[in-house]
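*Asks:* Mind having a look at this structure? Questions to follow.
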Amino acid sequence: MIKENNKTCAVIGAGVAGLGAAIRMRNKGYKVTVFEANAFPGGKCSSETKDGYRFDMGPSVFTMPQYVDELFKLSGKNPREHFNYIHLDPVYKYFFEDGTELDAYHGKEKFAEQMAAKTKDKKENIIRYLDRTETIYKLTDEVFLKNSLHVAKNFFTKRVLKGFLNFGKIGAFDTMAGANKKSFKDSRLVKIFNRYATYNGSSPYLSPATLNVIAHVEIVKGAYYPTGGMVNITTSLAKLAQDIGVTFHYSTPVREILISNKKVTGIKTDNGPEDFNIVISNMDVYNSYKKLMPHVRRPAKTLDQPKSSSGIIFYWGIKKEFAELGLHNILFSDNYKEEFNTIFAKKSIYHDPTIYVNITSKHTPTDAPPGCENWFAFINVPNNSGQDWDVFINEAREFMIQKVNRILKTDIRPLIETEMVFDPRVIESRTSSAFGAIYGNSSNNKFAAFLRHANFSKDIKNLYFCGGSVHPGPSIPLCLLSAKITTDLIR
Ligand SMILES: Cc1cc2nc3c(=O)[nH]c(=O)nc-3n(C[C@H](O)[C@H](O)[C@H](O)COP(=O)(O)OP(=O)(O)OC[C@H]3O[C@@H](n4cnc5c(N)ncnc54)[C@H](O)[C@@H]3O)c2cc1C
């Protein structure tokens, strides 16, 4: 039973973090209104259907489902009656140009055993590496993930101090690629572990080895698939929010955050101004300042950090089933270092890209017509700094088709019976993500975690932020954690 407090809260954006924040604020007794520019909830986590194929348009790898469940429990509901998921094992299928195929299984033992059977590294060595990533997790989750990094008192708890005293052990002084090269003899394993840098749009050759923690989350804590697809995360949370009394205004972009005497007073849409006690912006923080409060002094140091990579995604309806592929598949570039150099230094696309192919029809057969598959084929690309994306899209299509054909020894060109494509411009226009960067600031330096914007404004009272562009970072679970950190700061 919600205890009303007669205060009002506006949430700008119904992305996963905006939904999490709205549910949490409603449970605190606030009268909550969500303003969403699109006609649908979910932001990056949305879905589209074309010619009988359904596609999840953004996120596809689901970890730490407990943060979704937590919102149902907080609202007095049994999550299993509203949102379900299955545990994946194997999680990934990896393909290399030399013909190697490796399956990544769940859990240290099974993962290490399967990898050791097909690579030059011993099982014990792989387990030792995974133990180290677990140590990073234990030392960092309280420090970096579960608390605001911008509230002084949070630094004086025993666990946080322990995290800081063990800075060496969390890999803060080495790069991911450096640490992984030292850990494995087999270059294929190095690539598999380097790939986790892309989960927040960074280069393993630049980002700190602390990010190796992501391997622990996926391989040991596990990966999941929501029944009916990723979009059910956001549709079920939007329904939950509505059921507990949150009001939604879709197709209603917020044009301005109203501020008086350094205190938020409300927001303005095309329907006019509206008063609110609290405003939480789930809009990308860079654009929150630029577009909704251009007259406010912007924290340039955090906002102007280099942004993450983006993606070109082909949503292909493929009129054939490929038994050798699973839900998550990676076709690795032969020259990973040059691929990242091309993305981050040359700001261009690489001729031999690493391709991620996600096929939800493997688990939800109705996502494609019988005998067919819905391919979400993704490559990492630079964010938008004015490149000719139409040229890049045509080149990317060719590079990707050639690579899939080479590795799977097939010809997919005549099998593509429908196509949609996203590029950084589309991602930017659909979700207001600055420069179409998928993950806010990149993590391409060791201080990146400290250079994300706080979950609150230091200058404007009652103004808060949540989502992938602020602390603790991008991905579905981190966005849900950001909603928790943000709302925990509000009385
Ligand atoms: C292609 C792709 C693949 C990804 N893969 C994964 C993955 O496998 N696993 C994973 O965990 N994460 C993945 N991510 C990242 C993940 O999707 C994001 O971190 C997360 O969904 C971001 O949520 P958010 O709440 O920050 O906001 P967003 O999803 O960006 O939503 C912000 C919302 O605010 C709205 N909005 C913006 N401005 C205004 C305004 N002025 N007024 C009203 N509304 C406004 C937008 O319309 C949007 O709905 C991926 C993302 C993409 C794009």
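For the structure tokens, the naming scheme is as follows: chains receive sequential letters (A, B, ...) according to their order of presentation, residues are indexed from 1 within each chain, and ligands are indexed from 1 in presentation order.
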Give me, as JSON lines, the closest atom pair and its distance (Å, one decimal) for every residue of chain A within a cut-off of 6 Å of ligand 1, counting only C-alpha atoms and all ligand atoms, rows sorted by chain and rising number.
*Replies:*
```
{"residue": "A:Ile12", "atom": "CA", "partner": "ligand 1", "partner_atom_place_in_ligand_line": "43 (C)", "distance": 4.9}
{"residue": "A:Gly13", "atom": "CA", "partner": "ligand 1", "partner_atom_place_in_ligand_line": "34 (O)", "distance": 3.3}
{"residue": "A:Ala14", "atom": "CA", "partner": "ligand 1", "partner_atom_place_in_ligand_line": "49 (O)", "distance": 4.9}
{"residue": "A:Gly15", "atom": "CA", "partner": "ligand 1", "partner_atom_place_in_ligand_line": "31 (O)", "distance": 3.4}
{"residue": "A:Val16", "atom": "CA", "partner": "ligand 1", "partner_atom_place_in_ligand_line": "25 (O)", "distance": 4.1}
{"residue": "A:Ala17", "atom": "CA", "partner": "ligand 1", "partner_atom_place_in_ligand_line": "25 (O)", "distance": 3.6}
{"residue": "A:Gly18", "atom": "CA", "partner": "ligand 1", "partner_atom_place_in_ligand_line": "25 (O)", "distance": 5.4}
{"residue": "A:Phe35", "atom": "CA", "partner": "ligand 1", "partner_atom_place_in_ligand_line": "43 (C)", "distance": 5.0}
{"residue": "A:Glu36", "atom": "CA", "partner": "ligand 1", "partner_atom_place_in_ligand_line": "44 (N)", "distance": 3.7}
{"residue": "A:Ala37", "atom": "CA", "partner": "ligand 1", "partner_atom_place_in_ligand_line": "44 (N)", "distance": 3.9}
{"residue": "A:Asn38", "atom": "CA", "partner": "ligand 1", "partner_atom_place_in_ligand_line": "47 (O)", "distance": 5.0}
{"residue": "A:Pro41", "atom": "CA", "partner": "ligand 1", "partner_atom_place_in_ligand_line": "49 (O)", "distance": 6.0}
{"residue": "A:Gly42", "atom": "CA", "partner": "ligand 1", "partner_atom_place_in_ligand_line": "49 (O)", "distance": 5.5}
{"residue": "A:Gly43", "atom": "CA", "partner": "ligand 1", "partner_atom_place_in_ligand_line": "49 (O)", "distance": 3.1}
{"residue": "A:Lys44", "atom": "CA", "partner": "ligand 1", "partner_atom_place_in_ligand_line": "29 (O)", "distance": 3.7}
{"residue": "A:Cys45", "atom": "CA", "partner": "ligand 1", "partner_atom_place_in_ligand_line": "21 (O)", "distance": 5.0}
{"residue": "A:Gly58", "atom": "CA", "partner": "ligand 1", "partner_atom_place_in_ligand_line": "2 (C)", "distance": 3.7}
{"residue": "A:Pro59", "atom": "CA", "partner": "ligand 1", "partner_atom_place_in_ligand_line": "5 (N)", "distance": 3.2}
{"residue": "A:Ser60", "atom": "CA", "partner": "ligand 1", "partner_atom_place_in_ligand_line": "8 (O)", "distance": 3.9}
{"residue": "A:Val61", "atom": "CA", "partner": "ligand 1", "partner_atom_place_in_ligand_line": "8 (O)", "distance": 3.6}
{"residue": "A:Phe62", "atom": "CA", "partner": "ligand 1", "partner_atom_place_in_ligand_line": "9 (N)", "distance": 5.5}
{"residue": "A:Pro253", "atom": "CA", "partner": "ligand 1", "partner_atom_place_in_ligand_line": "42 (N)", "distance": 3.5}
{"residue": "A:Val254", "atom": "CA", "partner": "ligand 1", "partner_atom_place_in_ligand_line": "42 (N)", "distance": 3.8}
{"residue": "A:Arg255", "atom": "CA", "partner": "ligand 1", "partner_atom_place_in_ligand_line": "41 (N)", "distance": 5.8}
{"residue": "A:Asn282", "atom": "CA", "partner": "ligand 1", "partner_atom_place_in_ligand_line": "34 (O)", "distance": 5.4}
{"residue": "A:Met283", "atom": "CA", "partner": "ligand 1", "partner_atom_place_in_ligand_line": "37 (C)", "distance": 4.1}
{"residue": "A:Arg430", "atom": "CA", "partner": "ligand 1", "partner_atom_place_in_ligand_line": "47 (O)", "distance": 5.9}
{"residue": "A:Thr431", "atom": "CA", "partner": "ligand 1", "partner_atom_place_in_ligand_line": "46 (C)", "distance": 4.0}
{"residue": "A:Ser432", "atom": "CA", "partner": "ligand 1", "partner_atom_place_in_ligand_line": "37 (C)", "distance": 5.0}
{"residue": "A:Ile438", "atom": "CA", "partner": "ligand 1", "partner_atom_place_in_ligand_line": "53 (C)", "distance": 5.1}
{"residue": "A:Tyr439", "atom": "CA", "partner": "ligand 1", "partner_atom_place_in_ligand_line": "19 (O)", "distance": 5.9}
{"residue": "A:Gly467", "atom": "CA", "partner": "ligand 1", "partner_atom_place_in_ligand_line": "26 (O)", "distance": 3.3}
{"residue": "A:Gly468", "atom": "CA", "partner": "ligand 1", "partner_atom_place_in_ligand_line": "26 (O)", "distance": 3.8}
{"residue": "A:Pro474", "atom": "CA", "partner": "ligand 1", "partner_atom_place_in_ligand_line": "19 (O)", "distance": 3.8}
{"residue": "A:Ser475", "atom": "CA", "partner": "ligand 1", "partner_atom_place_in_ligand_line": "11 (O)", "distance": 3.4}
{"residue": "A:Ile476", "atom": "CA", "partner": "ligand 1", "partner_atom_place_in_ligand_line": "11 (O)", "distance": 3.8}
{"residue": "A:Cys479", "atom": "CA", "partner": "ligand 1", "partner_atom_place_in_ligand_line": "25 (O)", "distance": 5.8}
```
*Asks:* Just asking: which residues within stretch 219-249 of chain A are strand (DSSP E) according to DSSP, as an MDAnalysis selection string?
*Replies:* chainID A and resid 223:226 247:249
*Asks:* Could those residues be written to a file, using N, CA and C atoms, as a short mmCIF file (atom, residue, chain, number, x, y, z; two decimals), in the first residue's frame?
*Replies:*
```cif
data_model
loop_
_atom_site.label_atom_id
_atom_site.label_comp_id
_atom_site.auth_asym_id
_atom_site.auth_seq_id
_atom_site.Cartn_x
_atom_site.Cartn_y
_atom_site.Cartn_z
N ALA A 223 23.72 -15.19 -17.85
CA ALA A 223 22.98 -14.38 -18.82
C ALA A 223 21.61 -15.01 -19.02
N TYR A 224 20.64 -14.18 -19.33
CA TYR A 224 19.24 -14.61 -19.35
C TYR A 224 18.57 -14.10 -20.62
N TYR A 225 17.42 -14.70 -20.90
CA TYR A 225 16.64 -14.23 -22.05
C TYR A 225 15.19 -14.05 -21.57
N PRO A 226 14.68 -12.81 -21.66
CA PRO A 226 13.31 -12.59 -21.20
C PRO A 226 12.31 -13.27 -22.14
N THR A 247 1.42 8.26 -14.05
CA THR A 247 0.75 8.79 -15.25
C THR A 247 1.78 8.92 -16.37
N PHE A 248 1.40 8.49 -17.57
CA PHE A 248 2.32 8.60 -18.73
C PHE A 248 1.76 9.56 -19.76
N HIS A 249 2.62 10.43 -20.28
CA HIS A 249 2.26 11.25 -21.44
C HIS A 249 3.24 10.88 -22.55
#
```
*Asks:* Measuring between only C-alpha atoms, which one of A:Glu97, A:His150, A:Phe450, A:Glu113 shows the shortest distance to A:Val404?
*Replies:* A:Glu97
*Asks:* Nearest to A:Leu463 among A:Leu19, A:Val11, A:Ala179, A:Ile244, with distances taken over only C-alpha atoms: which residue is it?
*Replies:*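 Closest to A:Leu463, using only C-alpha atoms: A:Val11.
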*Asks:* Determine, counting only C-alpha atoms, which protein, DNA and RNA residues have an atom within 9 Å of an atom of A:Ser385; residues of the same chain fewer than 3 positions away are not included. Present the result as a PyMOL selection string.
*Replies:* chain A and resi 347+382+435
*Asks:* From the list A:Thr133, A:Asn335, A:Ser47, A:Thr360, which residue is nearest A:Glu218 when using only C-alpha atoms?
*Replies:*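 Closest to A:Glu218 of all the choices is A:Thr133.
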*Asks:* From the set A:Trp389, A:Phe173, A:Phe376, A:Tyr205, which residue has the shortest atom-to-atom contact distance to A:Ile313, counting only C-alpha atoms?
*Replies:*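 Smallest separation from A:Ile313 among the options: A:Phe376.
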*Asks:* If we count only C-alpha atoms, what is near stretch 119-127 of chain A at a cut-off of 10 Å, once residues fewer than 4 positions away on the same chain are taken out, given as a tab-separated table (two decimals) with N, CA and C atoms, in the first residue's frame?
*Replies:*
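Final output, saved to selection.tsv:
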```tsv
chain	number	residue	atom	x	y	z
A	100	THR	N	37.81	-21.92	-36.13
A	100	THR	CA	37.48	-22.34	-34.76
A	100	THR	C	36.08	-21.88	-34.38
A	102	LEU	N	33.88	-21.74	-30.79
A	102	LEU	CA	33.95	-21.96	-29.33
A	102	LEU	C	32.61	-21.61	-28.70
A	107	GLY	N	29.23	-20.53	-15.83
A	107	GLY	CA	29.94	-21.06	-14.66
A	107	GLY	C	31.41	-21.28	-14.96
A	108	LYS	N	32.23	-21.04	-13.93
A	108	LYS	CA	33.69	-21.11	-14.12
A	108	LYS	C	34.14	-22.47	-14.67
A	109	GLU	N	33.69	-23.55	-14.00
A	109	GLU	CA	34.14	-24.91	-14.34
A	109	GLU	C	33.84	-25.25	-15.79
A	110	LYS	N	32.56	-25.11	-16.14
A	110	LYS	CA	32.12	-25.55	-17.47
A	110	LYS	C	32.73	-24.65	-18.56
A	111	PHE	N	32.76	-23.35	-18.30
A	111	PHE	CA	33.34	-22.42	-19.26
A	111	PHE	C	34.79	-22.80	-19.51
A	112	ALA	N	35.55	-22.97	-18.41
A	112	ALA	CA	36.98	-23.23	-18.53
A	112	ALA	C	37.24	-24.57	-19.20
A	113	GLU	N	36.45	-25.57	-18.84
A	113	GLU	CA	36.65	-26.91	-19.41
A	113	GLU	C	36.46	-26.90	-20.93
A	114	GLN	N	35.37	-26.26	-21.38
A	114	GLN	CA	35.08	-26.22	-22.81
A	114	GLN	C	36.12	-25.40	-23.58
A	115	MET	N	36.54	-24.28	-22.98
A	115	MET	CA	37.52	-23.43	-23.67
A	115	MET	C	38.88	-24.14	-23.72
A	131	ASP	N	38.64	-16.21	-11.37
A	131	ASP	CA	38.71	-15.86	-9.94
A	131	ASP	C	39.11	-14.39	-9.77
A	132	ARG	N	40.07	-13.96	-10.63
A	132	ARG	CA	40.51	-12.56	-10.52
A	132	ARG	C	39.38	-11.59	-10.88
A	133	THR	N	38.59	-11.98	-11.89
A	133	THR	CA	37.48	-11.08	-12.26
A	133	THR	C	36.43	-11.06	-11.14
A	183	SER	N	47.43	-12.84	-19.40
A	183	SER	CA	46.72	-13.96	-18.75
A	183	SER	C	46.62	-15.21	-19.61
A	184	PHE	N	46.64	-15.04	-20.94
A	184	PHE	CA	46.39	-16.20	-21.81
A	184	PHE	C	47.45	-16.35	-22.89
A	185	LYS	N	47.72	-17.62	-23.24
A	185	LYS	CA	48.62	-17.91	-24.37
A	185	LYS	C	47.85	-17.77	-25.67
A	186	ASP	N	46.58	-18.16	-25.64
A	186	ASP	CA	45.79	-18.28	-26.87
A	186	ASP	C	45.13	-16.95	-27.23
A	187	SER	N	45.46	-16.46	-28.43
A	187	SER	CA	44.95	-15.14	-28.82
A	187	SER	C	43.43	-15.13	-28.95
A	188	ARG	N	42.82	-16.31	-29.17
A	188	ARG	CA	41.35	-16.34	-29.30
A	188	ARG	C	40.70	-16.06	-27.94
A	189	LEU	N	41.31	-16.58	-26.89
A	189	LEU	CA	40.77	-16.28	-25.55
A	189	LEU	C	40.97	-14.80	-25.20
```
*Asks:* For A:His363, which residue out of A:Asn200, A:Thr140, A:Thr227, A:Ser46 is the nearest one, using only C-alpha atoms?
*Replies:*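 Among the listed residues, A:Thr227 lies closest to A:His363.
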*Asks:* Between atom CA of A:Asn462 and atom CA of A:Thr486, what is the spacing in Å?
*Replies:*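 One can read the atom CA of A:Thr486 to atom CA of A:Asn462 distance as 11.1 Å.
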*Asks:* Could you find all residues in stretch 99-156 of chain A that DSSP calls alpha helix (DSSP H) from the backbone, and write them as a ChimeraX atom specification?
*Replies:* /A:108-118,123-140
*Asks:* At a cut-off of 8 Å, using only C-alpha atoms, what residues contact A:Leu258? Leave out same-chain residues fewer than 3 positions from it and give the result as a PyMOL selection string.
*Replies:* chain A and resi 264-268+293
*Asks:* Kindly export the residues of the current selection with C-alpha atoms, as a PDB file, in the first residue's frame.
*Replies:*
```pdb
ATOM      1  CA  VAL A 264      13.583  23.234 -10.022  1.00  0.00           C
ATOM      2  CA  THR A 265       9.973  24.395 -10.339  1.00  0.00           C
ATOM      3  CA  GLY A 266       8.690  22.123 -13.114  1.00  0.00           C
ATOM      4  CA  ILE A 267       8.942  21.318 -16.801  1.00  0.00           C
ATOM      5  CA  LYS A 268       7.562  22.711 -20.038  1.00  0.00           C
ATOM      6  CA  MET A 293      18.390  24.155 -19.676  1.00  0.00           C
TER       7      MET A 293
END
```
*Asks:* Find the residues around A:Leu478 up to 12 Å (only C-alpha atoms counted), leave out those fewer than 3 positions away in its own chain, and share them as JSON, numbers by chain.
*Replies:* {"A": [16, 17, 20, 62, 63, 64, 65, 66, 67, 68, 141, 144, 145, 146, 147, 199, 200, 214, 217, 439, 466, 467, 468, 469, 470, 471, 472, 473, 474, 475, 481, 482, 483, 484, 485, 486]}
*Asks:* Residues near A:Phe344, anyone? I mean within 9 Å using only C-alpha atoms, not counting same-chain ones fewer than 6 positions away, as an MDAnalysis selection string.
*Replies:* chainID A and resid 202:203 308:309 381:383
*Asks:* Please produce a file of the residues just selected, as an mmCIF file, in the first residue's frame, where the atoms kept are C-alpha atoms.
*Replies:*
```cif
data_model
loop_
_atom_site.group_PDB
_atom_site.id
_atom_site.type_symbol
_atom_site.label_atom_id
_atom_site.label_comp_id
_atom_site.auth_asym_id
_atom_site.auth_seq_id
_atom_site.Cartn_x
_atom_site.Cartn_y
_atom_site.Cartn_z
ATOM 1 C CA SER A 202 35.006 1.334 -25.242
ATOM 2 C CA SER A 203 38.260 -0.042 -26.614
ATOM 3 C CA SER A 308 31.369 5.872 -26.462
ATOM 4 C CA SER A 309 31.106 4.039 -29.739
ATOM 5 C CA VAL A 381 31.243 2.026 -35.218
ATOM 6 C CA PRO A 382 32.348 5.483 -34.062
ATOM 7 C CA ASN A 383 29.796 7.898 -32.701
#
```
*Asks:* My list of candidates is A:Ala104, A:Leu325, A:Ala177, A:Ile312. Which is closest to A:Asp390 when distances are computed with only C-alpha atoms?
*Replies:*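 Of the candidates, the smallest distance to A:Asp390 is held by A:Ile312.
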*Asks:* Would you work out the distance separating atom CA of A:Ile401 from atom CA of A:Gly386, expressed in Å to one decimal?
*Replies:* 25.2 Å
